[in-house]
Amino acid sequence: MSTPSPSGSGQPPRRTAAARRRHRIGLAGRYVTLVLMLVVMLGPIVWQFLTSIRGRTENVYDGVLPARPTLDNYVRVAESFPLLQYVGNTLTVAALAVTSNMLFAAMGGYALSRAGWKGRQVVFTVLVATLMFPFESVMISMFLTVREMGLVDTLVGVWLPGAVSVLNVMIMRAAFLAVPREVEEAAVLDGAGEWTRFTRVFLPAARGALAVVCITSFMGAWDDFLWPLLVLTNSDHYTLQLGLKTLAGATTVNDQRLVAAGAMAALVPMMLLFFALQRFFFKGVGEGAVKT
């Protein structure tokens, strides 16, 4: 005796229609949620951009769209302070931060992902515990250390505390743990040493995680304001974020159009970097979620 198929089991079609309706409602709910999140995240950026292209005679809060869009505010930003010099200083710090984080985080993550040495779990626990301390609780001791090293009012002093992030070490550790053990065993059988396995097996397998480290390190160095404010005193060494604070000073009569134009100019490099590495970024996020 044959078993009736689900399609011919005599079930009323209303159940199938109800299931499709529930699926459509759930799908619509997810899309509505995503749209709301998009509005919340991109709304301030869109508002800043629209403010930055308003004319001098327009009221900032007069409607959403500017009556006469203009790029004059961006020209005024470049004329108000040495924009290219500040961008160059910030790029120098960001390049140092990205290079050191990718190098030291990869080496530290690889060491923490390898078994066979005592104290590995203790070191891992201590590093994770340091994530609980906010920057404000250690910035005084960091400043005293940088001052004793003679690095106050230097770009190296701005970069040094962010040379390697514990979070980036954890990201690389998770990526290396996700590499199948069979791959490493095959490399050992081929006679590959520790350094060869690290550079030719594990690093290529963790390119996505390296992209995550690159983006987060660049964003951290590019957006940092408090630490450069403590370390730098000479305006010639200012980073872009410190330079932008002068746009809200008395010299520009607190012109919100200039502030918005400066903020948009500071946002562009981060957007370009993210769009260039987004494929590797999302791959790296997935790698970090496979095994911790």
# chains A, B, ... in the order shown; residues from 1 in each chain; ligands from 1
call {"tool": "residues_around", "arguments": {"residues": "range 41-55 of chain A", "least_positions_apart": "6", "cutoff": "7 Å", "atoms": "only C-alpha atoms", "output": "list in words"}}
result
Leu65, Pro66, Arg68, Pro69, Thr70, Leu71, Asn73, Arg257, Leu258, Ala260, Ala261 and Met264 of chain A
call {"tool": "write_last_selection", "arguments": {"atoms": "N, CA and C atoms", "output": "PDB file, in the first residue's frame"}}
result
ATOM      1  N   LEU A  65      15.773  69.611   1.841  1.00  0.00           N
ATOM      2  CA  LEU A  65      16.634  69.775   0.680  1.00  0.00           C
ATOM      3  C   LEU A  65      17.060  71.228   0.535  1.00  0.00           C
ATOM      4  N   PRO A  66      18.319  71.467   0.198  1.00  0.00           N
ATOM      5  CA  PRO A  66      18.774  72.855  -0.011  1.00  0.00           C
ATOM      6  C   PRO A  66      18.143  73.456  -1.258  1.00  0.00           C
ATOM      7  N   ARG A  68      19.427  75.937  -3.156  1.00  0.00           N
ATOM      8  CA  ARG A  68      20.463  76.132  -4.181  1.00  0.00           C
ATOM      9  C   ARG A  68      21.720  75.386  -3.762  1.00  0.00           C
ATOM     10  N   PRO A  69      21.825  74.129  -4.127  1.00  0.00           N
ATOM     11  CA  PRO A  69      23.006  73.341  -3.719  1.00  0.00           C
ATOM     12  C   PRO A  69      24.291  73.934  -4.280  1.00  0.00           C
ATOM     13  N   THR A  70      25.330  73.905  -3.464  1.00  0.00           N
ATOM     14  CA  THR A  70      26.628  74.439  -3.871  1.00  0.00           C
ATOM     15  C   THR A  70      27.734  73.680  -3.148  1.00  0.00           C
ATOM     16  N   LEU A  71      28.908  73.625  -3.780  1.00  0.00           N
ATOM     17  CA  LEU A  71      30.092  73.004  -3.180  1.00  0.00           C
ATOM     18  C   LEU A  71      31.039  74.053  -2.610  1.00  0.00           C
ATOM     19  N   ASN A  73      31.097  75.396   0.239  1.00  0.00           N
ATOM     20  CA  ASN A  73      31.509  75.135   1.623  1.00  0.00           C
ATOM     21  C   ASN A  73      32.763  74.254   1.680  1.00  0.00           C
ATOM     22  N   ARG A 257      27.551  74.880   8.288  1.00  0.00           N
ATOM     23  CA  ARG A 257      27.790  74.386   6.932  1.00  0.00           C
ATOM     24  C   ARG A 257      29.243  73.946   6.774  1.00  0.00           C
ATOM     25  N   LEU A 258      30.171  74.711   7.342  1.00  0.00           N
ATOM     26  CA  LEU A 258      31.576  74.338   7.270  1.00  0.00           C
ATOM     27  C   LEU A 258      31.862  73.097   8.103  1.00  0.00           C
ATOM     28  N   ALA A 260      29.772  70.692   8.754  1.00  0.00           N
ATOM     29  CA  ALA A 260      29.228  69.550   8.022  1.00  0.00           C
ATOM     30  C   ALA A 260      30.115  69.186   6.834  1.00  0.00           C
ATOM     31  N   ALA A 261      30.627  70.189   6.125  1.00  0.00           N
ATOM     32  CA  ALA A 261      31.511  69.908   4.987  1.00  0.00           C
ATOM     33  C   ALA A 261      32.803  69.248   5.454  1.00  0.00           C
ATOM     34  N   MET A 264      32.060  65.596   6.335  1.00  0.00           N
ATOM     35  CA  MET A 264      31.916  64.762   5.149  1.00  0.00           C
ATOM     36  C   MET A 264      33.264  64.486   4.502  1.00  0.00           C
TER      37      MET A 264
END
call {"tool": "select_by_dssp", "arguments": {"residues": "range 150-235 of chain A", "states": "alpha helix (DSSP H)", "output": "VMD selection string"}}
result
chain A and resid 155 to 159 166 to 177 181 to 189 194 to 197 203 to 205 207 to 223 226 to 231
call {"tool": "atom_distance", "arguments": {"atom1": "CA of Ala211 in chain A", "atom2": "CA of Ala163 in chain A"}}
result
16.4 Å
call {"tool": "residues_around", "arguments": {"residues": "range 77-92 of chain A", "least_positions_apart": "4", "cutoff": "10 Å", "atoms": "only C-alpha atoms", "output": "PyMOL selection string"}}
result
chain A and resi 72-73+96-97+155-156+158-159+218+221-224+235-244+246-247+251-252+257-262+265-266+269
call {"tool": "closest_residue", "arguments": {"among": "A:Gln121, A:Gln278, A:Ser113, A:Ser217", "to": "Ala95 in chain A", "atoms": "only C-alpha atoms"}}
result
A:Ser217
call {"tool": "atom_distance", "arguments": {"atom1": "CA of Ala115 in chain A", "atom2": "CA of Asn101 in chain A"}}
result
22.8 Å
call {"tool": "closest_residue", "arguments": {"among": "A:Trp117, A:Trp227, A:Phe124, A:Tyr61", "to": "Leu167 in chain A", "atoms": "only C-alpha atoms"}}
result
A:Phe124
call {"tool": "closest_residue", "arguments": {"among": "A:Ala18, A:Val60, A:Ala94, A:Val39", "to": "Asp255 in chain A", "atoms": "only C-alpha atoms"}}
result
A:Val60
